[in-house]
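K.L.:
Sharing run_4.cif here; it has mmCIF, C-alpha atoms.
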data_coords
loop_
_atom_site.label_atom_id
_atom_site.label_comp_id
_atom_site.auth_asym_id
_atom_site.auth_seq_id
_atom_site.Cartn_x
_atom_site.Cartn_y
_atom_site.Cartn_z
CA MET A 13 6.13 -23.00 -29.50
CA LYS A 14 6.54 -19.24 -29.41
CA GLU A 15 9.89 -18.20 -28.01
CA GLU A 16 9.83 -15.91 -24.99
CA ARG A 17 11.66 -12.84 -26.24
CA TYR A 18 12.06 -10.88 -23.06
CA ILE A 19 12.91 -11.92 -19.53
CA LYS A 20 10.62 -10.01 -17.19
CA TYR A 21 11.65 -8.47 -13.89
CA CYS A 22 9.62 -6.55 -11.36
CA ILE A 23 11.21 -4.39 -8.69
CA ILE A 24 8.72 -3.94 -5.87
CA VAL A 25 9.54 -0.86 -3.83
CA ALA A 26 8.48 -1.19 -0.22
CA GLY A 27 10.13 1.61 1.69
CA GLY A 28 7.20 2.92 3.71
CA SER A 29 7.55 3.67 7.38
CA GLY A 30 3.84 3.80 8.19
CA LEU A 31 3.98 7.36 9.51
CA ARG A 32 0.96 8.67 7.60
CA MET A 33 -0.96 5.52 8.52
CA GLY A 34 -0.61 6.54 12.17
CA VAL A 35 0.84 3.14 13.07
CA GLU A 36 4.30 1.83 13.91
CA LEU A 37 4.06 -1.07 11.50
CA PRO A 38 5.44 -0.26 8.02
CA LYS A 39 2.40 -0.09 5.78
CA GLN A 40 3.64 -2.82 3.45
CA PHE A 41 3.36 -5.22 6.42
CA ILE A 42 -0.18 -4.28 7.47
CA GLU A 43 -2.41 -7.30 7.10
CA LEU A 44 -5.27 -7.33 4.61
CA ARG A 45 -7.56 -10.30 5.10
CA GLY A 46 -4.90 -11.90 7.27
CA LYS A 47 -1.90 -11.40 4.97
CA PRO A 48 0.63 -8.53 4.63
CA VAL A 49 -0.08 -5.98 1.88
CA LEU A 50 3.27 -6.76 0.21
CA MET A 51 2.35 -10.42 -0.27
CA HIS A 52 -0.92 -9.50 -1.96
CA THR A 53 1.00 -7.20 -4.29
CA MET A 54 3.59 -9.85 -5.17
CA GLU A 55 0.87 -12.42 -5.84
CA LYS A 56 -0.61 -10.21 -8.55
CA PHE A 57 2.66 -10.32 -10.52
CA TYR A 58 3.02 -14.04 -9.92
CA HIS A 59 -0.50 -14.56 -11.25
CA TYR A 60 0.40 -12.52 -14.32
CA ASP A 61 3.50 -14.64 -15.01
CA VAL A 62 4.89 -17.37 -12.73
CA ASN A 63 8.31 -16.90 -14.34
CA ILE A 64 8.61 -13.21 -13.50
CA GLN A 65 11.72 -12.37 -11.47
CA LEU A 66 10.63 -10.42 -8.38
CA ILE A 67 13.05 -8.16 -6.51
CA VAL A 68 11.72 -6.56 -3.34
CA ALA A 69 13.49 -3.39 -2.18
CA LEU A 70 13.10 -3.28 1.60
CA PRO A 71 14.84 -1.14 4.23
CA LYS A 72 17.65 -3.18 5.83
CA ASN A 73 15.99 -3.01 9.25
CA GLN A 74 12.78 -4.58 7.89
CA GLN A 75 14.35 -7.53 6.14
CA GLU A 76 14.48 -9.82 9.16
CA VAL A 77 10.81 -9.18 9.94
CA TRP A 78 9.99 -9.86 6.30
CA GLY A 79 11.73 -13.23 6.50
CA LEU A 80 9.75 -14.11 9.61
CA LEU A 81 6.50 -13.02 7.94
CA CYS A 82 7.26 -15.23 4.92
CA THR A 83 7.72 -18.22 7.23
CA LYS A 84 4.62 -17.41 9.27
CA HIS A 85 2.42 -17.08 6.18
CA SER A 86 4.12 -19.98 4.29
CA PHE A 87 4.80 -17.49 1.50
CA THR A 88 6.72 -19.32 -1.19
CA ILE A 89 6.68 -17.02 -4.23
CA PRO A 90 10.36 -16.84 -5.27
CA HIS A 91 11.95 -13.38 -4.92
CA LYS A 92 15.18 -11.59 -4.15
CA VAL A 93 15.53 -8.86 -1.56
CA ALA A 94 17.48 -5.63 -2.22
CA ASP A 95 18.38 -2.96 0.32
CA GLY A 96 16.04 0.03 0.33
CA GLY A 97 17.76 3.42 0.05
CA ILE A 98 17.05 6.82 1.53
CA THR A 99 14.63 7.69 -1.28
CA ARG A 100 12.59 5.68 -3.76
CA PHE A 101 15.22 6.55 -6.41
CA HIS A 102 17.99 5.01 -4.34
CA SER A 103 15.94 1.89 -3.62
CA VAL A 104 15.30 1.30 -7.32
CA LYS A 105 18.94 1.98 -8.16
CA ASN A 106 20.03 -0.67 -5.64
CA ALA A 107 17.47 -3.18 -6.84
CA LEU A 108 18.52 -2.74 -10.48
CA LYS A 109 21.85 -4.41 -9.58
CA GLN A 110 19.92 -7.65 -9.10
CA ALA A 111 18.00 -7.41 -12.39
CA GLY A 112 19.31 -8.53 -15.78
CA LYS A 113 21.07 -6.44 -18.41
CA THR A 114 18.41 -7.26 -21.00
CA GLY A 115 14.68 -7.87 -20.90
CA LEU A 116 11.87 -5.77 -19.46
CA ILE A 117 12.03 -4.26 -15.97
CA ALA A 118 8.90 -3.14 -14.14
CA VAL A 119 8.91 -1.00 -11.02
CA HIS A 120 5.85 -1.24 -8.79
CA ASP A 121 4.83 0.24 -5.44
CA GLY A 122 4.64 -2.43 -2.75
CA VAL A 123 1.53 -0.74 -1.36
CA ARG A 124 -0.51 -1.06 -4.55
CA PRO A 125 -2.01 -4.53 -4.03
CA LEU A 126 -5.11 -3.65 -6.07
CA VAL A 127 -3.28 -3.54 -9.40
CA SER A 128 -5.11 -5.77 -11.87
CA VAL A 129 -3.41 -8.51 -13.86
CA GLY A 130 -4.83 -6.71 -16.91
CA THR A 131 -2.94 -3.52 -16.04
CA ILE A 132 0.30 -5.50 -15.56
CA LYS A 133 -0.19 -7.19 -18.92
CA ARG A 134 -0.95 -3.96 -20.77
CA CYS A 135 2.22 -2.37 -19.37
CA PHE A 136 4.55 -5.26 -20.28
CA ASP A 137 2.97 -5.64 -23.73
CA MET A 138 3.36 -1.94 -24.52
CA ALA A 139 6.92 -1.71 -23.17
CA GLU A 140 7.92 -4.62 -25.37
CA VAL A 141 6.86 -2.58 -28.40
CA CYS A 142 7.61 1.01 -27.33
CA GLY A 143 10.36 0.65 -24.72
CA THR A 144 8.35 2.39 -21.98
CA ALA A 145 4.85 1.96 -20.53
CA VAL A 146 3.15 3.77 -17.68
CA PRO A 147 -0.44 3.12 -16.55
CA THR A 148 -2.71 6.11 -16.06
CA ILE A 149 -6.35 6.82 -15.25
CA PRO A 150 -8.40 9.94 -16.01
CA MET A 151 -8.49 12.80 -13.51
CA ASN A 152 -12.10 12.98 -12.36
CA ASP A 153 -11.63 15.64 -9.69
CA SER A 154 -11.04 19.32 -10.22
CA VAL A 155 -7.40 20.22 -9.61
CA ARG A 156 -5.89 23.51 -8.49
CA GLU A 157 -2.31 24.62 -8.87
CA VAL A 158 -1.11 26.47 -5.78
CA LYS A 159 1.55 29.18 -5.98
CA GLY A 160 2.19 30.92 -2.67
CA GLU A 161 -1.09 32.39 -1.46
CA LYS A 162 -2.77 32.04 -4.83
CA SER A 163 -4.21 29.09 -6.69
CA ARG A 164 -5.79 28.55 -10.08
CA VAL A 165 -7.98 25.84 -11.55
CA MET A 166 -6.22 23.53 -14.03
CA ASP A 167 -7.69 22.04 -17.20
CA ARG A 168 -8.25 18.54 -15.83
CA SER A 169 -9.05 17.09 -19.25
CA THR A 170 -5.30 17.25 -19.99
CA LEU A 171 -4.27 15.61 -16.70
CA LYS A 172 -3.77 11.92 -15.97
CA ILE A 173 -3.16 10.21 -12.64
CA VAL A 174 -0.07 8.04 -12.91
CA GLN A 175 0.07 4.56 -11.36
CA THR A 176 2.52 1.67 -11.34
CA PRO A 177 3.84 -0.76 -12.61
CA GLN A 178 5.99 1.36 -14.87
CA VAL A 179 7.77 -0.91 -17.32
CA PHE A 180 10.91 -0.20 -19.35
CA LYS A 181 13.37 -2.01 -21.54
CA ALA A 182 16.33 -2.85 -19.31
CA ASP A 183 18.87 -0.71 -21.13
CA LEU A 184 16.64 2.38 -20.90
CA ILE A 185 15.96 2.22 -17.18
CA ARG A 186 19.58 1.30 -16.45
CA LYS A 187 20.84 4.30 -18.40
CA ALA A 188 18.27 6.57 -16.72
CA TYR A 189 19.32 5.48 -13.24
CA LEU A 190 22.92 6.55 -13.93
CA SER A 191 21.61 10.12 -13.52
CA ALA A 192 22.36 11.97 -10.29
CA TYR A 193 19.32 12.08 -7.99
CA LEU A 194 16.93 15.03 -8.31
CA PRO A 195 13.99 15.72 -5.98
CA GLU A 196 11.75 15.99 -9.07
CA PHE A 197 12.07 12.23 -9.58
CA THR A 198 8.68 11.25 -8.13
CA ASP A 199 8.41 8.06 -10.16
CA ASP A 200 10.45 6.01 -12.63
CA ALA A 201 8.90 7.63 -15.68
CA SER A 202 10.23 10.99 -14.53
CA VAL A 203 13.74 9.49 -14.31
CA VAL A 204 13.55 7.89 -17.76
CA GLU A 205 12.01 11.04 -19.22
CA TYR A 206 14.93 13.04 -17.83
CA ILE A 207 17.32 11.30 -20.23
CA GLY A 208 15.09 12.24 -23.14
CA GLU A 209 13.05 9.07 -23.65
CA PRO A 210 9.36 9.50 -24.54
CA ILE A 211 6.94 7.84 -22.10
CA THR A 212 4.12 5.72 -23.49
CA LEU A 213 0.86 5.79 -21.53
CA VAL A 214 -1.45 2.80 -21.18
CA GLU A 215 -4.73 2.32 -19.33
CA GLY A 216 -4.43 1.53 -15.61
CA ASN A 217 -7.26 0.35 -13.35
CA VAL A 218 -9.14 2.71 -11.06
CA GLU A 219 -8.88 0.43 -8.01
CA ASN A 220 -5.06 0.52 -8.19
CA VAL A 221 -4.57 3.09 -5.43
CA LYS A 222 -1.41 3.55 -3.40
CA LEU A 223 -2.39 2.71 0.19
CA THR A 224 -1.60 5.91 2.06
CA TYR A 225 -4.19 6.67 4.71
CA PRO A 226 -5.88 4.45 7.32
CA SER A 227 -9.10 4.60 5.26
CA ASP A 228 -7.21 3.08 2.33
CA ILE A 229 -6.76 -0.13 4.33
CA ILE A 230 -10.52 -0.41 4.79
CA ILE A 231 -10.92 0.25 1.07
CA ALA A 232 -8.37 -2.38 0.10
CA GLU A 233 -9.96 -5.01 2.34
CA ALA A 234 -13.32 -4.33 0.72
CA LEU A 235 -11.96 -4.52 -2.84
CA LEU A 236 -9.53 -7.45 -2.57
CA LEU A 237 -11.00 -10.62 -3.94
CA MET B 9 -26.84 33.93 23.17
CA LYS B 10 -24.71 34.42 20.11
CA GLU B 11 -26.70 35.65 17.16
CA GLU B 12 -26.56 33.53 14.01
CA ARG B 13 -25.14 35.92 11.46
CA TYR B 14 -25.55 33.95 8.29
CA ILE B 15 -28.35 31.80 6.96
CA LYS B 16 -26.78 28.69 5.46
CA TYR B 17 -27.89 27.01 2.25
CA CYS B 18 -26.58 23.92 0.54
CA ILE B 19 -27.32 23.14 -3.07
CA ILE B 20 -26.85 19.41 -3.62
CA VAL B 21 -26.21 18.65 -7.28
CA ALA B 22 -27.48 15.22 -8.27
CA GLY B 23 -27.50 15.07 -12.03
CA GLY B 24 -25.80 11.74 -12.63
CA SER B 25 -27.18 9.28 -15.13
CA GLY B 26 -25.26 6.25 -13.89
CA LEU B 27 -23.59 5.60 -17.24
CA ARG B 28 -20.05 5.16 -15.90
CA MET B 29 -21.41 2.98 -13.13
CA GLY B 30 -22.62 0.56 -15.79
CA VAL B 31 -26.14 0.58 -14.34
CA GLU B 32 -29.46 2.10 -15.34
CA LEU B 33 -30.12 3.55 -11.91
CA PRO B 34 -28.79 7.12 -11.49
CA LYS B 35 -25.84 6.79 -9.15
CA GLN B 36 -27.33 9.16 -6.56
CA PHE B 37 -30.11 6.58 -6.06
CA ILE B 38 -27.85 3.55 -5.64
CA GLU B 39 -28.35 2.11 -2.16
CA LEU B 40 -25.51 2.12 0.37
CA ARG B 41 -26.34 0.03 3.40
CA GLY B 42 -29.96 0.01 2.33
CA LYS B 43 -30.37 3.73 1.67
CA PRO B 44 -29.82 5.87 -1.47
CA VAL B 45 -26.47 7.66 -1.73
CA LEU B 46 -28.22 11.04 -1.89
CA MET B 47 -29.87 10.53 1.50
CA HIS B 48 -26.53 9.73 3.13
CA THR B 49 -25.10 12.91 1.63
CA MET B 50 -27.99 15.07 2.85
CA GLU B 51 -27.76 13.59 6.34
CA LYS B 52 -24.17 14.83 6.65
CA PHE B 53 -25.29 18.43 6.17
CA TYR B 54 -28.25 17.95 8.51
CA HIS B 55 -25.88 16.60 11.17
CA TYR B 56 -23.67 19.65 10.69
CA ASP B 57 -26.60 22.04 11.17
CA VAL B 58 -30.26 21.03 11.48
CA ASN B 59 -31.25 24.52 10.31
CA ILE B 60 -29.39 24.36 7.02
CA GLN B 61 -31.61 24.94 3.98
CA LEU B 62 -31.10 22.07 1.57
CA ILE B 63 -31.91 22.41 -2.13
CA VAL B 64 -31.51 19.28 -4.25
CA ALA B 65 -31.00 19.82 -7.99
CA LEU B 66 -32.43 16.74 -9.70
CA PRO B 67 -33.25 16.06 -13.36
CA LYS B 68 -37.00 16.55 -13.88
CA ASN B 69 -37.47 12.90 -14.89
CA GLN B 70 -35.99 11.70 -11.58
CA GLN B 71 -38.06 13.84 -9.25
CA GLU B 72 -41.03 11.49 -9.04
CA VAL B 73 -38.77 8.52 -8.20
CA TRP B 74 -37.06 10.68 -5.58
CA GLY B 75 -40.41 11.40 -3.95
CA LEU B 76 -41.23 7.70 -3.88
CA LEU B 77 -37.81 6.90 -2.40
CA CYS B 78 -38.33 9.51 0.34
CA THR B 79 -41.64 7.85 1.26
CA LYS B 80 -40.20 4.34 1.11
CA HIS B 81 -37.26 5.25 3.37
CA SER B 82 -39.30 7.57 5.64
CA PHE B 83 -36.80 10.28 4.80
CA THR B 84 -37.92 13.43 6.58
CA ILE B 85 -34.99 15.86 6.32
CA PRO B 86 -36.59 19.07 4.99
CA HIS B 87 -35.43 20.10 1.50
CA LYS B 88 -36.52 21.79 -1.69
CA VAL B 89 -36.12 20.28 -5.13
CA ALA B 90 -34.85 22.29 -8.13
CA ASP B 91 -34.79 21.19 -11.75
CA GLY B 92 -31.44 19.87 -12.94
CA GLY B 93 -30.10 21.46 -16.11
CA ILE B 94 -28.10 20.14 -19.04
CA THR B 95 -24.79 20.72 -17.21
CA ARG B 96 -23.77 21.10 -13.59
CA PHE B 97 -23.55 24.87 -14.19
CA HIS B 98 -27.17 25.04 -15.31
CA SER B 99 -28.33 22.91 -12.38
CA VAL B 100 -26.65 25.21 -9.86
CA LYS B 101 -27.99 28.29 -11.65
CA ASN B 102 -31.54 26.90 -11.38
CA ALA B 103 -31.12 25.93 -7.74
CA LEU B 104 -29.79 29.38 -6.82
CA LYS B 105 -33.27 30.78 -7.53
CA GLN B 106 -34.49 28.91 -4.45
CA ALA B 107 -31.69 30.15 -2.16
CA GLY B 108 -31.66 33.47 -0.31
CA LYS B 109 -30.13 36.76 -1.43
CA THR B 110 -27.89 36.88 1.64
CA GLY B 111 -26.10 34.30 3.75
CA LEU B 112 -23.70 31.53 2.79
CA ILE B 113 -24.39 29.14 -0.07
CA ALA B 114 -22.63 25.80 -0.35
CA VAL B 115 -22.65 23.61 -3.44
CA HIS B 116 -21.99 19.91 -2.91
CA ASP B 117 -21.95 16.85 -5.15
CA GLY B 118 -24.83 14.50 -4.33
CA VAL B 119 -22.51 11.54 -4.85
CA ARG B 120 -20.03 12.57 -2.14
CA PRO B 121 -21.66 10.93 0.91
CA LEU B 122 -18.30 10.50 2.65
CA VAL B 123 -17.79 14.20 3.30
CA SER B 124 -17.04 14.69 6.99
CA VAL B 125 -18.95 17.09 9.21
CA GLY B 126 -15.50 18.59 9.97
CA THR B 127 -14.94 19.42 6.30
CA ILE B 128 -18.40 21.03 6.06
CA LYS B 129 -17.69 23.11 9.17
CA ARG B 130 -14.25 24.24 7.96
CA CYS B 131 -15.75 25.38 4.66
CA PHE B 132 -18.60 27.38 6.17
CA ASP B 133 -16.34 28.91 8.85
CA MET B 134 -13.77 30.02 6.27
CA ALA B 135 -16.36 31.36 3.81
CA GLU B 136 -17.88 33.45 6.57
CA VAL B 137 -14.51 35.18 6.99
CA CYS B 138 -13.08 35.14 3.45
CA GLY B 139 -16.16 34.96 1.22
CA THR B 140 -15.07 31.71 -0.49
CA ALA B 141 -13.92 28.31 0.77
CA VAL B 142 -13.02 25.19 -1.16
CA PRO B 143 -11.83 21.92 0.45
CA THR B 144 -8.72 20.31 -0.99
CA ILE B 145 -6.45 17.36 -0.24
CA PRO B 146 -2.82 16.80 -1.28
CA MET B 147 -2.01 15.09 -4.57
CA ASN B 148 -0.26 11.86 -3.59
CA ASP B 149 -0.03 10.37 -7.07
CA SER B 150 2.27 11.42 -9.86
CA VAL B 151 0.41 13.42 -12.49
CA ARG B 152 1.17 13.82 -16.18
CA GLU B 153 -0.07 16.55 -18.48
CA VAL B 154 -0.99 15.17 -21.89
CA LYS B 155 -0.70 17.26 -25.05
CA GLY B 156 -1.45 15.32 -28.23
CA GLU B 157 0.89 12.35 -28.40
CA LYS B 158 3.22 13.76 -25.75
CA SER B 159 3.02 14.00 -21.99
CA ARG B 160 5.17 15.44 -19.24
CA VAL B 161 5.34 14.91 -15.50
CA MET B 162 3.91 17.75 -13.38
CA ASP B 163 5.27 19.05 -10.09
CA ARG B 164 2.67 17.40 -7.86
CA SER B 165 3.77 19.33 -4.77
CA THR B 166 1.97 22.35 -6.27
CA LEU B 167 -1.24 20.46 -7.08
CA LYS B 168 -4.30 19.97 -4.91
CA ILE B 169 -7.31 17.74 -5.49
CA VAL B 170 -10.47 19.82 -5.15
CA GLN B 171 -13.55 18.48 -3.37
CA THR B 172 -16.91 19.86 -2.35
CA PRO B 173 -18.74 21.49 -0.52
CA GLN B 174 -17.60 24.76 -2.03
CA VAL B 175 -19.03 27.60 0.03
CA PHE B 176 -19.50 31.23 -0.98
CA LYS B 177 -21.17 34.37 0.28
CA ALA B 178 -24.51 34.55 -1.50
CA ASP B 179 -23.77 37.76 -3.42
CA LEU B 180 -20.51 36.36 -4.82
CA ILE B 181 -21.93 33.11 -6.16
CA ARG B 182 -25.04 34.86 -7.49
CA LYS B 183 -22.91 37.38 -9.36
CA ALA B 184 -20.64 34.61 -10.70
CA TYR B 185 -23.57 32.61 -12.03
CA LEU B 186 -24.70 35.56 -14.16
CA SER B 187 -21.76 34.67 -16.42
CA ALA B 188 -22.46 32.87 -19.69
CA TYR B 189 -21.62 29.17 -19.47
CA LEU B 190 -18.10 28.07 -20.42
CA PRO B 191 -16.96 24.44 -20.71
CA GLU B 192 -14.03 25.30 -18.39
CA PHE B 193 -16.47 25.60 -15.48
CA THR B 194 -15.76 22.20 -13.88
CA ASP B 195 -16.77 23.32 -10.41
CA ASP B 196 -18.20 26.37 -8.63
CA ALA B 197 -14.81 27.75 -7.66
CA SER B 198 -13.92 28.02 -11.35
CA VAL B 199 -17.11 30.05 -11.95
CA VAL B 200 -16.47 32.38 -9.01
CA GLU B 201 -12.81 32.71 -9.95
CA TYR B 202 -13.87 33.72 -13.45
CA ILE B 203 -15.35 36.98 -12.11
CA GLY B 204 -12.05 37.75 -10.39
CA GLU B 205 -12.70 36.56 -6.83
CA PRO B 206 -9.81 34.84 -5.03
CA ILE B 207 -10.57 31.29 -3.85
CA THR B 208 -9.65 30.32 -0.30
CA LEU B 209 -8.55 26.72 0.21
CA VAL B 210 -9.31 24.71 3.35
CA GLU B 211 -8.52 21.14 4.33
CA GLY B 212 -10.91 18.49 3.02
CA ASN B 213 -11.05 14.84 4.11
CA VAL B 214 -9.41 12.07 2.10
CA GLU B 215 -12.47 9.78 2.24
CA ASN B 216 -14.59 12.44 0.50
CA VAL B 217 -14.45 10.87 -2.97
CA LYS B 218 -16.97 11.46 -5.72
CA LEU B 219 -18.58 8.08 -6.37
CA THR B 220 -17.82 7.44 -10.03
CA TYR B 221 -16.98 3.79 -10.68
CA PRO B 222 -18.64 0.55 -9.47
CA SER B 223 -15.67 -0.01 -7.12
CA ASP B 224 -16.46 3.33 -5.44
CA ILE B 225 -19.76 1.87 -4.23
CA ILE B 226 -17.91 -0.96 -2.50
CA ILE B 227 -15.52 1.60 -1.02
CA ALA B 228 -18.35 3.81 0.24
CA GLU B 229 -20.15 0.89 1.86
CA ALA B 230 -16.96 -0.05 3.68
CA LEU B 231 -16.26 3.49 4.90
CA LEU B 232 -19.76 4.66 5.83
CA LEU B 233 -20.40 4.46 9.55
#
Go ahead and express the file in the form of structure tokens.
P.N.:
Amino acid sequence: MKEERYIKYCIIVAGGSGLRMGVELPKQFIELRGKPVLMHTMEKFYHYDVNIQLIVALPKNQQEVWGLLCTKHSFTIPHKVADGGITRFHSVKNALKQAGKTGLIAVHDGVRPLVSVGTIKRCFDMAEVCGTAVPTIPMNDSVREVKGEKSRVMDRSTLKIVQTPQVFKADLIRKAYLSAYLPEFTDDASVVEYIGEPITLVEGNVENVKLTYPSDIIIAEALLL
Amino acid sequence: MKEERYIKYCIIVAGGSGLRMGVELPKQFIELRGKPVLMHTMEKFYHYDVNIQLIVALPKNQQEVWGLLCTKHSFTIPHKVADGGITRFHSVKNALKQAGKTGLIAVHDGVRPLVSVGTIKRCFDMAEVCGTAVPTIPMNDSVREVKGEKSRVMDRSTLKIVQTPQVFKADLIRKAYLSAYLPEFTDDASVVEYIGEPITLVEGNVENVKLTYPSDIIIAEALLL
């Protein structure tokens, strides 16, 4: 029997307040086909590997509701809960305390329930070899860079849209998150890159959008199997 | 009664071959709720202004099928057909021959049926004042710029996703399309910018995606009213 070389963790960041959705309910709790977004997301990782250690970073004031939702939906996928911080960076930093010192640590957006098991696998497989793995998809739209009143078209053939999960060897992400917070840290790759580590890109899946707008909920309902 | 100052044209570029969709049928002919994508798109412009002059740029070998589809679906929105060229640039250049010498000329992707009438109106209104108008939406995903084996995170707060319709005063777009073709011309704004004209940005609508992948068809069916 092949020995499992790396323990796998996934930090699921669910800090949304629902403001851009135009609703009071945090968007990770909006129901898709009768079940909160966050549960759909967690199920994808559980389907990838039933032994994965899930750590959900949730704002303190949402944790009681989350517990009630788990009871209501008989949601039994094992997971720990970490306190969400004031930014994504602070949430991940908190959640890292509950992950191991070795192994592979993924960070995934709670509101990306359409990630494919294939994308998750590609990321973990690559990170095992290269230390880092970030899923991307091609940029199919034209992009403009705006500076003050002016803007200019970018060469989109050199641009990639970055998704999650972003997977790292534990020591790398732990070292990176010792850095002081900078507003430029828009994802985990940017934090790890900041300490000088090269980021390896792998293929994501085009459906893996971050639910942001009300129309994204309609989209996710249509695409969820 | 207020005099209409500008005649409005819209060139609808429908040159897709359907390759990325994994189907033989050109994607502009795929049916959404029982009607080809291209008809949905044209209806949006007709709803904005029943007097708009529509010019559809279609590959020569698709024009007969298009005629049959119009008969089959009793599609009666008035429009001209122009021959599609080997690139988007050449299709627009051909279609411009059928538009007027004055007025406002929009160029829109045939496979963007989810454009809102509000977006169309904002573009025409702005182009009437500024000469150019291009709809954009914020970049909500992290973006990486790839150079060879390396990549780096971009400052996404300065990036905008560009949509269509892109609207221009007739003399500006006509002058721009006298330029020799360059591969950098990914949209009409990049052509007009090339002759030194500043591009004015207006707000697009987030649903206004360019149908590219099979999942986009499911998305469009869910979002179309």
K.L.:
Give one line per residue of region 110-216 of chain B that approaches region 172-194 of chain A to at most 12 Å, naming the two atoms of the closest pair and their distance in Å to one decimal, counting only C-alpha atoms; sort by chain then ascending residue number and deliver it as a tab-separated table.
P.N.:
residue	atom	partner	partner_atom	distance
B:Met147	CA	A:Ile173	CA	9.5
B:Asn148	CA	A:Ile173	CA	9.6
B:Asp149	CA	A:Val174	CA	6.3
B:Ser150	CA	A:Val174	CA	5.1
B:Val151	CA	A:Ile173	CA	4.8
B:Arg152	CA	A:Lys172	CA	5.3
B:Glu153	CA	A:Lys172	CA	6.4
B:Val154	CA	A:Lys172	CA	7.3
B:Lys155	CA	A:Lys172	CA	11.0
B:Ser159	CA	A:Lys172	CA	9.3
B:Arg160	CA	A:Lys172	CA	10.1
B:Val161	CA	A:Val174	CA	9.1
B:Met162	CA	A:Lys172	CA	10.0
B:Arg164	CA	A:Ile173	CA	10.4
B:Leu167	CA	A:Ile173	CA	11.8
B:Ile169	CA	A:Ile173	CA	11.2
K.L.:
Using all atoms listed in the file, find the one residue out of B:Ser198, B:Asn59, B:Asp91, B:Thr79 that sits nearest to Thr140 (chain B).
P.N.:
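Looking only at the distances to Thr140 (chain B), the closest residue turns out to be B:Ser198.
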K.L.:
Just want the 12 Å neighbourhood of region 38-42 of chain A, counted on all atoms listed in the file, with same-chain residues fewer than 3 positions away dropped. Output as a ChimeraX atom specification.
P.N.:
/A:24-35,45-54,68-71,73-75,77-82,85,121-125,222-226,228-230,232-233
K.L.:
Given the point (-1.3, -4.1, -24.6) in the coordinates of this file, which residues lie within 12 Å, counting all atoms listed in the file, and how would they look as a PDB file with C-alpha atoms, in the coordinates of the input?
P.N.:
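Saved as part-v7.pdb:
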ATOM      1  CA  VAL A 129      -3.410  -8.510 -13.860  1.00  0.00           C
ATOM      2  CA  GLY A 130      -4.830  -6.710 -16.910  1.00  0.00           C
ATOM      3  CA  THR A 131      -2.940  -3.520 -16.040  1.00  0.00           C
ATOM      4  CA  ILE A 132       0.300  -5.500 -15.560  1.00  0.00           C
ATOM      5  CA  LYS A 133      -0.190  -7.190 -18.920  1.00  0.00           C
ATOM      6  CA  ARG A 134      -0.950  -3.960 -20.770  1.00  0.00           C
ATOM      7  CA  CYS A 135       2.220  -2.370 -19.370  1.00  0.00           C
ATOM      8  CA  PHE A 136       4.550  -5.260 -20.280  1.00  0.00           C
ATOM      9  CA  ASP A 137       2.970  -5.640 -23.730  1.00  0.00           C
ATOM     10  CA  MET A 138       3.360  -1.940 -24.520  1.00  0.00           C
ATOM     11  CA  ALA A 139       6.920  -1.710 -23.170  1.00  0.00           C
ATOM     12  CA  GLU A 140       7.920  -4.620 -25.370  1.00  0.00           C
ATOM     13  CA  VAL A 141       6.860  -2.580 -28.400  1.00  0.00           C
ATOM     14  CA  CYS A 142       7.610   1.010 -27.330  1.00  0.00           C
ATOM     15  CA  THR A 144       8.350   2.390 -21.980  1.00  0.00           C
ATOM     16  CA  ALA A 145       4.850   1.960 -20.530  1.00  0.00           C
ATOM     17  CA  VAL A 146       3.150   3.770 -17.680  1.00  0.00           C
ATOM     18  CA  PRO A 147      -0.440   3.120 -16.550  1.00  0.00           C
ATOM     19  CA  THR A 212       4.120   5.720 -23.490  1.00  0.00           C
ATOM     20  CA  LEU A 213       0.860   5.790 -21.530  1.00  0.00           C
ATOM     21  CA  VAL A 214      -1.450   2.800 -21.180  1.00  0.00           C
ATOM     22  CA  GLU A 215      -4.730   2.320 -19.330  1.00  0.00           C
ATOM     23  CA  GLY A 216      -4.430   1.530 -15.610  1.00  0.00           C
TER      24      GLY A 216
END
K.L.:
Find the residue from B:Asp57, B:Pro191, B:Ile19, B:Leu232 that sits nearest to Asn102 (chain B); use only C-alpha atoms when measuring.
P.N.:
B:Ile19
K.L.:
What does the structure give for the distance between CA of Lys158 (chain B) and CA of Phe57 (chain A), in Å to one decimal?
P.N.:
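Computed distance, CA of Lys158 (chain B) to CA of Phe57 (chain A), equals 28.5 Å.
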K.L.:
Between CA of Leu66 (chain A) and CA of Lys109 (chain A), measure the distance and give it in Å to one decimal.
P.N.:
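Straight-line distance from CA of Leu66 (chain A) to CA of Lys109 (chain A) works out to 12.8 Å.
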K.L.:
Between CA of Asp199 (chain A) and CA of Asn220 (chain A), what is the distance, to one decimal in Å?
P.N.:
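Between these atoms lies a distance of 15.6 Å.
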K.L.:
I'd like to see the residues matched by the PyMOL selection byres ((chain A and resi 21) around 8) on this file, and ideally I'd get them as a list of chain:residue names.
P.N.:
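Applied to this file, the PyMOL selection byres ((chain A and resi 21) around 8) selects A:Ile19, A:Lys20, A:Cys22, A:Ile23, A:Ile64, A:Gln65, A:Leu66, A:Ile67, A:Ala111, A:Gly112, A:Gly115, A:Leu116, A:Ile117, A:Ala118.
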K.L.:
Closest to Gly96 (chain A) among A:Lys84, A:Tyr206, A:Ser169, A:Lys72, using only C-alpha atoms?
P.N.:
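Counting only C-alpha atoms, the residue closest to Gly96 (chain A) is A:Lys72.
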K.L.:
With distances taken over all atoms listed in the file, which residue among A:Glu43, A:Glu196, A:Glu209, A:Glu76 lies nearest chain B?
P.N.:
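Closest residue, counting all atoms listed in the file: A:Glu196.
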